[in-house]
Structure formats: structure tokens, C-alpha cells
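The structure file final_28.cif is reproduced below (mmCIF, C-alpha atoms).
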```
data_entry
#
loop_
_atom_site.label_atom_id
_atom_site.label_comp_id
_atom_site.auth_asym_id
_atom_site.auth_seq_id
_atom_site.Cartn_x
_atom_site.Cartn_y
_atom_site.Cartn_z
CA MET A 1 -57.92 -14.84 14.98
CA THR A 2 -57.72 -14.73 18.73
CA ALA A 3 -55.47 -17.14 20.56
CA ARG A 4 -57.30 -19.81 22.56
CA PHE A 5 -54.38 -20.09 24.99
CA LYS A 6 -51.97 -17.69 26.64
CA ALA A 7 -48.58 -18.16 28.24
CA GLY A 8 -48.87 -20.21 31.42
CA ASP A 9 -52.03 -22.08 30.38
CA ARG A 10 -52.00 -25.83 30.99
CA VAL A 11 -52.77 -27.98 27.97
CA ARG A 12 -52.85 -31.64 27.03
CA THR A 13 -51.83 -32.76 23.57
CA ARG A 14 -54.30 -34.87 21.68
CA ALA A 15 -53.91 -38.60 21.45
CA ALA A 16 -53.97 -39.09 17.74
CA ASN A 17 -52.47 -41.34 15.16
CA PRO A 18 -53.69 -39.79 11.91
CA GLU A 19 -53.12 -41.57 8.64
CA GLY A 20 -51.70 -38.50 6.99
CA HIS A 21 -48.93 -36.10 7.87
CA THR A 22 -48.94 -34.27 11.18
CA ARG A 23 -46.43 -32.17 13.07
CA LEU A 24 -47.35 -33.43 16.53
CA PRO A 25 -44.54 -35.87 17.33
CA ARG A 26 -45.81 -39.22 18.60
CA TYR A 27 -43.64 -38.99 21.72
CA LEU A 28 -45.58 -35.85 22.68
CA CYS A 29 -49.06 -37.35 22.16
CA ASP A 30 -51.42 -37.24 25.16
CA ARG A 31 -48.94 -35.33 27.34
CA ARG A 32 -49.56 -32.41 29.67
CA GLY A 33 -47.60 -29.27 29.02
CA THR A 34 -47.62 -25.51 29.53
CA ILE A 35 -48.02 -22.83 26.90
CA GLU A 36 -44.79 -20.87 26.82
CA THR A 37 -45.43 -18.56 23.88
CA ALA A 38 -48.40 -17.87 21.62
CA HIS A 39 -46.79 -17.05 18.29
CA ASP A 40 -48.93 -16.31 15.29
CA VAL A 41 -51.25 -17.93 12.80
CA TYR A 42 -49.62 -20.43 10.44
CA PRO A 43 -50.99 -22.80 7.78
CA LEU A 44 -51.87 -26.19 9.27
CA PRO A 45 -49.35 -28.67 7.82
CA ASP A 46 -51.75 -31.61 8.19
CA GLU A 47 -53.88 -29.98 5.48
CA ARG A 48 -51.02 -28.66 3.40
CA ALA A 49 -49.60 -32.19 3.17
CA LYS A 50 -52.86 -33.32 1.58
CA GLY A 51 -52.35 -30.81 -1.19
CA VAL A 52 -54.74 -28.12 0.08
CA SER A 53 -53.51 -24.80 -1.26
CA LEU A 54 -51.95 -22.17 0.96
CA GLU A 55 -54.97 -19.94 0.30
CA LEU A 56 -57.62 -22.53 1.18
CA CYS A 57 -55.98 -24.49 3.97
CA LYS A 58 -56.82 -24.00 7.61
CA LYS A 59 -54.66 -21.46 9.46
CA GLU A 60 -54.26 -21.79 13.19
CA MET A 61 -52.37 -20.32 16.10
CA LEU A 62 -49.00 -21.86 16.73
CA TYR A 63 -47.76 -22.23 20.30
CA THR A 64 -44.51 -23.20 21.93
CA VAL A 65 -45.49 -25.80 24.53
CA VAL A 66 -43.08 -26.91 27.27
CA PHE A 67 -43.18 -30.43 28.71
CA ASP A 68 -41.42 -31.75 31.77
CA GLY A 69 -39.11 -34.68 31.06
CA ARG A 70 -40.91 -36.87 33.60
CA GLU A 71 -44.26 -36.21 31.94
CA VAL A 72 -42.83 -37.32 28.61
CA TRP A 73 -40.56 -40.19 29.64
CA GLY A 74 -41.88 -41.26 33.03
CA GLU A 75 -40.78 -40.85 36.61
CA GLN A 76 -37.47 -42.63 36.08
CA SER A 77 -36.37 -39.77 33.86
CA ALA A 78 -33.73 -38.66 36.33
CA GLU A 79 -32.23 -35.57 34.82
CA PRO A 80 -33.81 -32.13 35.07
CA LEU A 81 -35.14 -31.87 31.55
CA SER A 82 -37.75 -29.96 29.66
CA VAL A 83 -38.68 -30.50 26.04
CA SER A 84 -40.61 -27.96 24.04
CA ALA A 85 -42.26 -28.18 20.68
CA ASP A 86 -44.13 -25.77 18.44
CA LEU A 87 -47.69 -27.05 18.13
CA TRP A 88 -50.81 -25.95 16.30
CA ASP A 89 -54.09 -25.26 18.10
CA THR A 90 -55.71 -28.44 16.71
CA TYR A 91 -53.16 -30.55 18.59
CA LEU A 92 -54.11 -29.13 22.00
CA HIS A 93 -56.85 -29.52 24.60
CA ALA A 94 -57.31 -27.25 27.58
CA GLU A 95 -56.17 -28.89 30.82
CA GLN A 96 -57.38 -27.92 34.27
CA PRO A 97 -54.67 -26.33 36.44
CA THR A 98 -53.14 -28.81 38.86
CA MET B 1 -45.15 -29.15 3.59
CA ASN B 2 -44.53 -25.47 3.93
CA ASP B 3 -41.92 -24.15 1.57
CA GLU B 4 -39.82 -22.64 4.30
CA HIS B 5 -39.02 -25.98 5.91
CA ASP B 6 -35.42 -26.92 5.62
CA HIS B 7 -36.09 -30.56 4.90
CA ASP B 8 -33.81 -32.76 3.01
CA HIS B 9 -36.12 -35.71 3.56
CA ASP B 10 -33.43 -38.07 4.64
CA HIS B 11 -36.08 -39.13 7.07
CA GLU B 12 -34.82 -42.35 8.48
CA GLY B 13 -31.17 -42.46 7.61
CA HIS B 14 -31.16 -46.18 6.88
CA GLY B 15 -28.22 -45.89 4.52
CA GLN B 16 -30.42 -45.29 1.51
CA SER B 17 -28.06 -42.79 -0.10
CA ALA B 18 -27.55 -44.90 -3.22
CA SER B 19 -31.26 -45.34 -3.86
CA MET B 20 -31.85 -41.68 -2.93
CA ALA B 21 -29.24 -40.61 -5.49
CA SER B 22 -30.87 -42.69 -8.21
CA ARG B 23 -34.31 -41.33 -7.29
CA VAL B 24 -32.98 -37.77 -7.49
CA ALA B 25 -31.37 -38.52 -10.84
CA ALA B 26 -34.63 -39.95 -12.16
CA LEU B 27 -36.55 -36.90 -10.95
CA VAL B 28 -34.04 -34.51 -12.53
CA ALA B 29 -34.22 -36.43 -15.83
CA LYS B 30 -38.02 -36.10 -15.86
CA LEU B 31 -37.91 -32.39 -15.06
CA GLU B 32 -35.35 -31.78 -17.79
CA ALA B 33 -37.29 -33.88 -20.32
CA ARG B 34 -40.41 -31.84 -19.68
CA GLY B 35 -38.54 -28.56 -19.93
CA ILE B 36 -39.32 -27.60 -16.34
CA LEU B 37 -35.71 -26.96 -15.48
CA THR B 38 -32.28 -27.34 -17.02
CA GLY B 39 -29.16 -28.89 -15.55
CA ALA B 40 -27.55 -25.46 -15.57
CA GLU B 41 -30.39 -23.99 -13.52
CA LEU B 42 -30.10 -26.82 -11.05
CA ASP B 43 -26.35 -26.30 -10.71
CA ALA B 44 -26.88 -22.57 -10.19
CA ALA B 45 -29.48 -23.21 -7.48
CA ALA B 46 -27.21 -25.66 -5.66
CA GLU B 47 -24.28 -23.26 -5.92
CA SER B 48 -26.37 -20.39 -4.58
CA PHE B 49 -27.65 -22.56 -1.73
CA LEU B 50 -24.18 -23.59 -0.65
CA THR B 51 -22.44 -20.25 -1.01
CA SER B 52 -25.21 -18.03 0.34
CA THR B 53 -25.66 -20.19 3.40
CA GLN B 54 -21.96 -20.47 4.14
CA ARG B 55 -21.87 -16.90 5.37
CA ALA B 56 -21.89 -18.42 8.82
CA MET B 57 -23.33 -15.35 10.44
CA GLY B 58 -24.19 -17.19 13.65
CA PRO B 59 -20.80 -16.52 15.30
CA ALA B 60 -20.99 -12.80 14.51
CA LEU B 61 -24.45 -12.71 16.03
CA VAL B 62 -23.23 -14.32 19.25
CA ALA B 63 -20.13 -12.13 19.48
CA ARG B 64 -22.26 -9.01 19.24
CA ALA B 65 -24.60 -10.36 21.93
CA TRP B 66 -21.59 -11.02 24.20
CA VAL B 67 -20.25 -7.48 23.96
CA ASP B 68 -23.52 -5.55 23.76
CA GLY B 69 -26.07 -6.28 26.49
CA ALA B 70 -28.81 -4.21 24.87
CA PHE B 71 -28.35 -6.09 21.60
CA ARG B 72 -28.42 -9.37 23.51
CA ALA B 73 -31.75 -8.40 25.09
CA ARG B 74 -33.20 -7.54 21.68
CA LEU B 75 -31.88 -10.79 20.22
CA LEU B 76 -33.67 -12.79 22.91
CA THR B 77 -36.99 -10.99 22.49
CA ASP B 78 -37.02 -10.31 18.74
CA ALA B 79 -34.34 -12.33 16.98
CA ASN B 80 -35.41 -11.32 13.48
CA GLY B 81 -35.19 -7.64 14.41
CA ALA B 82 -31.69 -8.22 15.80
CA LEU B 83 -30.69 -10.00 12.59
CA ASP B 84 -31.91 -7.02 10.58
CA GLU B 85 -29.64 -4.76 12.64
CA LEU B 86 -26.63 -6.82 11.56
CA GLY B 87 -27.85 -7.03 7.98
CA ILE B 88 -28.33 -10.80 8.25
CA ASP B 89 -31.02 -12.11 5.93
CA MET B 90 -32.82 -15.10 7.43
CA THR B 91 -34.81 -15.64 4.27
CA HIS B 92 -34.33 -19.09 2.88
CA TRP B 93 -37.23 -20.02 0.62
CA ALA B 94 -39.37 -17.72 2.66
CA LYS B 95 -38.72 -15.43 5.61
CA VAL B 96 -38.26 -17.60 8.66
CA LYS B 97 -39.01 -16.66 12.26
CA LEU B 98 -35.97 -17.18 14.42
CA ARG B 99 -35.81 -17.61 18.17
CA ALA B 100 -32.56 -17.29 20.10
CA VAL B 101 -32.27 -19.21 23.38
CA GLU B 102 -29.52 -18.41 25.84
CA ASN B 103 -27.30 -20.73 27.83
CA THR B 104 -26.63 -19.59 31.39
CA ASP B 105 -25.08 -21.05 34.53
CA ARG B 106 -28.48 -22.65 35.20
CA VAL B 107 -29.79 -23.73 31.78
CA HIS B 108 -28.27 -25.42 28.75
CA ASN B 109 -30.27 -25.40 25.51
CA VAL B 110 -30.12 -27.95 22.70
CA ILE B 111 -31.86 -27.86 19.33
CA VAL B 112 -33.28 -30.77 17.36
CA CYS B 113 -35.92 -31.55 14.80
CA THR B 114 -37.31 -34.95 15.71
CA LEU B 115 -39.75 -35.07 12.78
CA CYS B 116 -37.28 -34.32 10.00
CA SER B 117 -34.29 -32.00 9.91
CA CYS B 118 -35.50 -28.39 10.34
CA TYR B 119 -32.47 -26.20 10.94
CA PRO B 120 -31.61 -22.50 10.60
CA VAL B 121 -29.83 -23.06 7.28
CA ALA B 122 -29.73 -19.40 6.37
CA LEU B 123 -27.87 -18.62 9.58
CA LEU B 124 -25.68 -21.69 10.15
CA GLY B 125 -25.18 -23.11 6.67
CA PRO B 126 -26.01 -26.71 5.70
CA SER B 127 -26.66 -28.90 8.73
CA PRO B 128 -24.18 -31.59 9.82
CA SER B 129 -25.13 -35.16 8.94
CA TRP B 130 -25.42 -36.20 12.60
CA TYR B 131 -28.14 -33.57 13.09
CA LYS B 132 -30.25 -35.50 10.57
CA SER B 133 -29.44 -38.91 12.03
CA LEU B 134 -32.16 -40.97 13.65
CA ALA B 135 -29.87 -41.56 16.63
CA TYR B 136 -29.46 -37.86 17.45
CA ARG B 137 -33.10 -37.00 16.79
CA SER B 138 -34.50 -39.79 18.92
CA ARG B 139 -32.00 -39.68 21.77
CA VAL B 140 -31.45 -35.98 22.42
CA VAL B 141 -35.05 -35.44 23.52
CA ARG B 142 -34.82 -38.36 25.93
CA GLU B 143 -31.29 -38.39 27.32
CA PRO B 144 -29.68 -35.12 26.27
CA ARG B 145 -27.05 -35.26 29.01
CA ALA B 146 -25.75 -38.60 27.74
CA VAL B 147 -25.79 -37.36 24.14
CA LEU B 148 -23.92 -34.19 25.11
CA ALA B 149 -21.33 -36.25 26.98
CA GLU B 150 -20.68 -38.14 23.74
CA PHE B 151 -20.06 -34.76 22.12
CA GLY B 152 -17.54 -34.04 24.87
CA VAL B 153 -19.80 -31.66 26.79
CA GLU B 154 -19.89 -32.44 30.52
CA LEU B 155 -22.43 -30.25 32.24
CA ASP B 156 -22.68 -29.61 35.95
CA PRO B 157 -25.52 -31.78 37.30
CA SER B 158 -27.24 -28.65 38.62
CA ILE B 159 -27.73 -27.29 35.09
CA ASP B 160 -31.19 -27.88 33.62
CA LEU B 161 -31.44 -29.19 30.09
CA ARG B 162 -33.88 -27.57 27.71
CA VAL B 163 -34.45 -29.28 24.38
CA TRP B 164 -36.21 -27.36 21.62
CA ASP B 165 -37.89 -29.60 19.06
CA SER B 166 -38.28 -27.54 15.86
CA THR B 167 -41.61 -29.04 14.88
CA ALA B 168 -43.07 -26.10 13.00
CA ASP B 169 -42.28 -22.79 11.34
CA LEU B 170 -39.81 -21.42 13.87
CA ARG B 171 -36.08 -21.97 13.79
CA TYR B 172 -33.87 -21.90 16.87
CA VAL B 173 -30.31 -20.86 17.59
CA VAL B 174 -28.43 -21.25 20.88
CA ILE B 175 -26.55 -18.30 22.34
CA PRO B 176 -23.68 -20.10 24.11
CA ARG B 177 -22.01 -18.86 27.28
CA ARG B 178 -19.06 -16.55 26.83
CA PRO B 179 -15.87 -18.32 27.91
CA GLU B 180 -13.93 -17.08 30.93
CA GLY B 181 -10.82 -15.08 30.21
CA THR B 182 -12.14 -13.24 27.18
CA ASN B 183 -12.49 -9.81 28.75
CA GLY B 184 -11.27 -7.19 26.34
CA ALA B 185 -11.47 -9.47 23.30
CA GLY B 186 -12.89 -7.89 20.17
CA GLU B 187 -15.95 -9.12 18.31
CA ALA B 188 -13.96 -10.79 15.54
CA GLU B 189 -11.80 -12.58 18.10
CA LEU B 190 -14.88 -13.69 20.04
CA ALA B 191 -16.72 -14.82 16.91
CA ALA B 192 -13.81 -17.15 16.15
CA LEU B 193 -14.58 -19.02 19.40
CA VAL B 194 -18.18 -19.75 18.37
CA THR B 195 -18.51 -23.08 16.60
CA ARG B 196 -21.47 -24.38 14.64
CA ASP B 197 -22.08 -27.06 17.25
CA ALA B 198 -22.13 -24.44 20.01
CA LEU B 199 -24.95 -22.73 18.12
CA ILE B 200 -26.89 -26.02 18.10
CA GLY B 201 -26.09 -26.65 21.77
CA THR B 202 -23.90 -29.73 21.31
CA ALA B 203 -20.69 -27.88 22.18
CA VAL B 204 -19.58 -25.14 24.53
CA CYS B 205 -17.26 -22.29 23.59
CA ARG B 206 -13.69 -22.51 24.84
CA VAL B 207 -10.71 -20.19 24.60
#
```
As C-alpha cells - that is how I would like this structure written.
Amino acid sequence: MTARFKAGDRVRTRAANPEGHTRLPRYLCDRRGTIETAHDVYPLPDERAKGVSLELCKKEMLYTVVFDGREVWGEQSAEPLSVSADLWDTYLHAEQPT
Amino acid sequence: MNDEHDHDHDHEGHGQSASMASRVAALVAKLEARGILTGAELDAAAESFLTSTQRAMGPALVARAWVDGAFRARLLTDANGALDELGIDMTHWAKVKLRAVENTDRVHNVIVCTLCSCYPVALLGPSPSWYKSLAYRSRVVREPRAVLAEFGVELDPSIDLRVWDSTADLRYVVIPRRPEGTNGAGEAELAALVTRDALIGTAVCRV
């Protein structure tokens, strides 16, 4: 499987509130970030949590995505802060460079 | 969830330990009644978990990185390969990918798992209870400097904070800064300065 994104690409996380399990934290929903590392293909936990077997479940690229503190918490976030999370391809949209 | 996740599923920490204990007891009783496992097997598994993960290899890893620049570089680019060099087995339930992140005079790293309690158990041993607390998990991604101050860590305002939320299959470990005045110290002596909290990023190493 080829990676849809590479390091440095701008992405936006999806705005989603699925009924089942997901590993996209709500505080990082609909936020712009930058791909820091494209790792490898891992089983999608959203499917695994529904009982889909390791063999049959969707496997997707996993990325480390870095977010600026102000993007996550708003402009009043005073301290120089970045937060990163490891996110599956499904959680991400391509974002035009700013 | 994937087998390699280090969950303990104390998800909210609302003081449910009594009900959790009774739920665990009920589950164990069912498993024993159906012949799926015995109490002895359970004891052996718990014993193995606690003893095998108390090797506390994290400090040795950091001490080697402090004295050996080439090793440090390998640790930062391929942590699992560096672990193999030291004979450290990161396998927990499955082989886990580790990433080492380095504190410098410009960046301070902190590790959290906001969704549950993912933690490099095989490297650091069982996680401290505060790591699993809702307070730590919710606050450290939002106001890490204030949280660190409560841990007694006062960082220079010019230092950037980087928080790593372990949301997936990777585990993180912080390589703390080597304290001043440790020139000439041996690896064992240096390793003794490296605390568990320093490897999470909620402490700094001091002489």
C-alpha cells in the first residue's frame, strides 16, 4: 500500500463522532496539522473494535501528525506548544498548503 | 482493540476500583468455571508481567545514549534497532514499535495517552497511577507547562513543549537531558540519575 501523505503534507482531521470506537481523539477533530512521519500499515482499530478479525479488517497507513497548540486550543493558548498524535489514513483529509 | 495495547481500561478513573475488582472477580470465576484458565495460570501471568517489566531498562538506554553519540543517533532514528543492540526486548503481547524523543535546550517532550493508558510497559514497567488519571490525560495536552510545574519541573519560557499523544500502535520514551557536572561518570552511575518520570517527560534528571 502506498502512503497517501508524506512528511510535511498539510492535513485536516475529519470531523466525526462515530458511535463505535475510534482512535481519533475528539480534541483533535477537524483540526489542521502536518504529517511528521508516515509509519506503516496497521489494522484499523475502528473495525477491530467491532469484532472484525485481524485478517479481514481494513489495514491503513498510520501517520504521526503534529498540531500547533493554537490550532487545537485557540489563539489564547499562550505557550509554545505542539501536540502530536498517531492517526490512521481514514481520519485525515488533504489540506491545501497555507 | 489490538492486542499490543497496554490498556488497563481504567478509562475514567471515577473511583470505581471496588466495582472494577468485583467485575474482575466475576470474570475470573466464569473463566475458571468454564475451564478456560486456572487461578494458578492467572497468578503466573501476573507474576511474569510484574517481574519481566520491572527490568527498568529505560535508564540503561538513556545512559548509553548520553555516553555514545552514535548510539544516540541510532536510538532516535530506529529505537527498536537500538534496543536490540542492548538486548532489550520490547515485546509485550506483541512486538511494539518504539520511538525515542529527545529533550534539548530548545524542546521538552512529554508523553501521554489521552484515549486510555498506552505506555511502554516493557521498557518502563507498570505505569504510575497518575499517568492513567483523567486529570493528567486531559490537562497535559492543553497546559503542559502548568502540569509540569506541579511535578516540580520549571522550564525556561523559551523552551517549546512537545506533547506526544500515544493514540495508536507506537510507544514513546523521552531521552532526558544529561545533567551538568556528570562528565566522566560511568554508565551505571548515569543510569541511576534517570527516573521513570524523566522517561515520561514529567521530571528532569538531576545530580
Inset, instruction - Write out as a PyMOL selection string the residues lying within 6 Å of region 162-168 of chain B, counting all atoms listed in the file and excluding same-chain residues fewer than 4 positions away. - result: (chain A and resi 81-86) or (chain B and resi 109-113)
Inset, instruction - Report as a ChimeraX atom specification the set of chain B residues whose atoms approach chain A to within 12 Å, with distances computed over only C-alpha atoms. - result: /B:1-5,77-78,96-99,106-116,118,137-146,155-172
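For the atom pair formed by CA of Cys205 (chain B) and CA of Ile88 (chain B), the distance is 22.1 Å, given to one decimal.
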Legend entry - CA of Arg23 (chain B) to CA of Trp130 (chain B), distance in Å rounded to a single decimal: 22.4 Å
Legend entry - Residues matched by the PyMOL selection byres ((chain A and resi 96) around 12), written as a list in words: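 On this input, the PyMOL selection byres ((chain A and resi 96) around 12) captures Gly8, Asp9, Arg10, Val11, Arg12, Arg32, Gly33, Thr34, His93, Ala94, Glu95, Pro97 and Thr98 of chain A.
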Compile the contact shell of Leu123 (chain B) as a PDB file with C-alpha atoms, in the coordinates of the input: residues with an atom at most 6 Å away, counting all atoms listed in the file, same-chain residues fewer than 3 positions apart removed.
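Now in result_28.pdb:
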```pdb
ATOM      1  CA  MET B  57     -23.330 -15.350  10.440  1.00  0.00           C
ATOM      2  CA  GLY B  58     -24.190 -17.190  13.650  1.00  0.00           C
ATOM      3  CA  PRO B 120     -31.610 -22.500  10.600  1.00  0.00           C
TER       4      PRO B 120
END
```
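You will find CA of Pro126 (chain B) at 7.3 Å from CA of Leu50 (chain B).
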Inset, instruction - Please evaluate the PyMOL selection byres ((chain B and resi 185-192) around 7) against the displayed coordinates and give the resulting residues as an NGL selection string. - result: :B and (59-60 or 62-64 or 182-184 or 193-194)
Preceding selection exported with C-alpha atoms as an mmCIF file, keeping the file's coordinate frame:
```
data_model
loop_
_atom_site.group_PDB
_atom_site.id
_atom_site.type_symbol
_atom_site.label_atom_id
_atom_site.label_comp_id
_atom_site.auth_asym_id
_atom_site.auth_seq_id
_atom_site.Cartn_x
_atom_site.Cartn_y
_atom_site.Cartn_z
ATOM 1 C CA PRO B 59 -20.800 -16.520 15.300
ATOM 2 C CA ALA B 60 -20.990 -12.800 14.510
ATOM 3 C CA VAL B 62 -23.230 -14.320 19.250
ATOM 4 C CA ALA B 63 -20.130 -12.130 19.480
ATOM 5 C CA ARG B 64 -22.260 -9.010 19.240
ATOM 6 C CA THR B 182 -12.140 -13.240 27.180
ATOM 7 C CA ASN B 183 -12.490 -9.810 28.750
ATOM 8 C CA GLY B 184 -11.270 -7.190 26.340
ATOM 9 C CA LEU B 193 -14.580 -19.020 19.400
ATOM 10 C CA VAL B 194 -18.180 -19.750 18.370
#
```
Inset, instruction - Just say which residues the PyMOL selection byres ((chain B and resi 204) around 12) picks in this file, as a PyMOL selection string. - result: chain B and resi 103-104+108-110+148-149+151-155+174-180+193-203+205-207
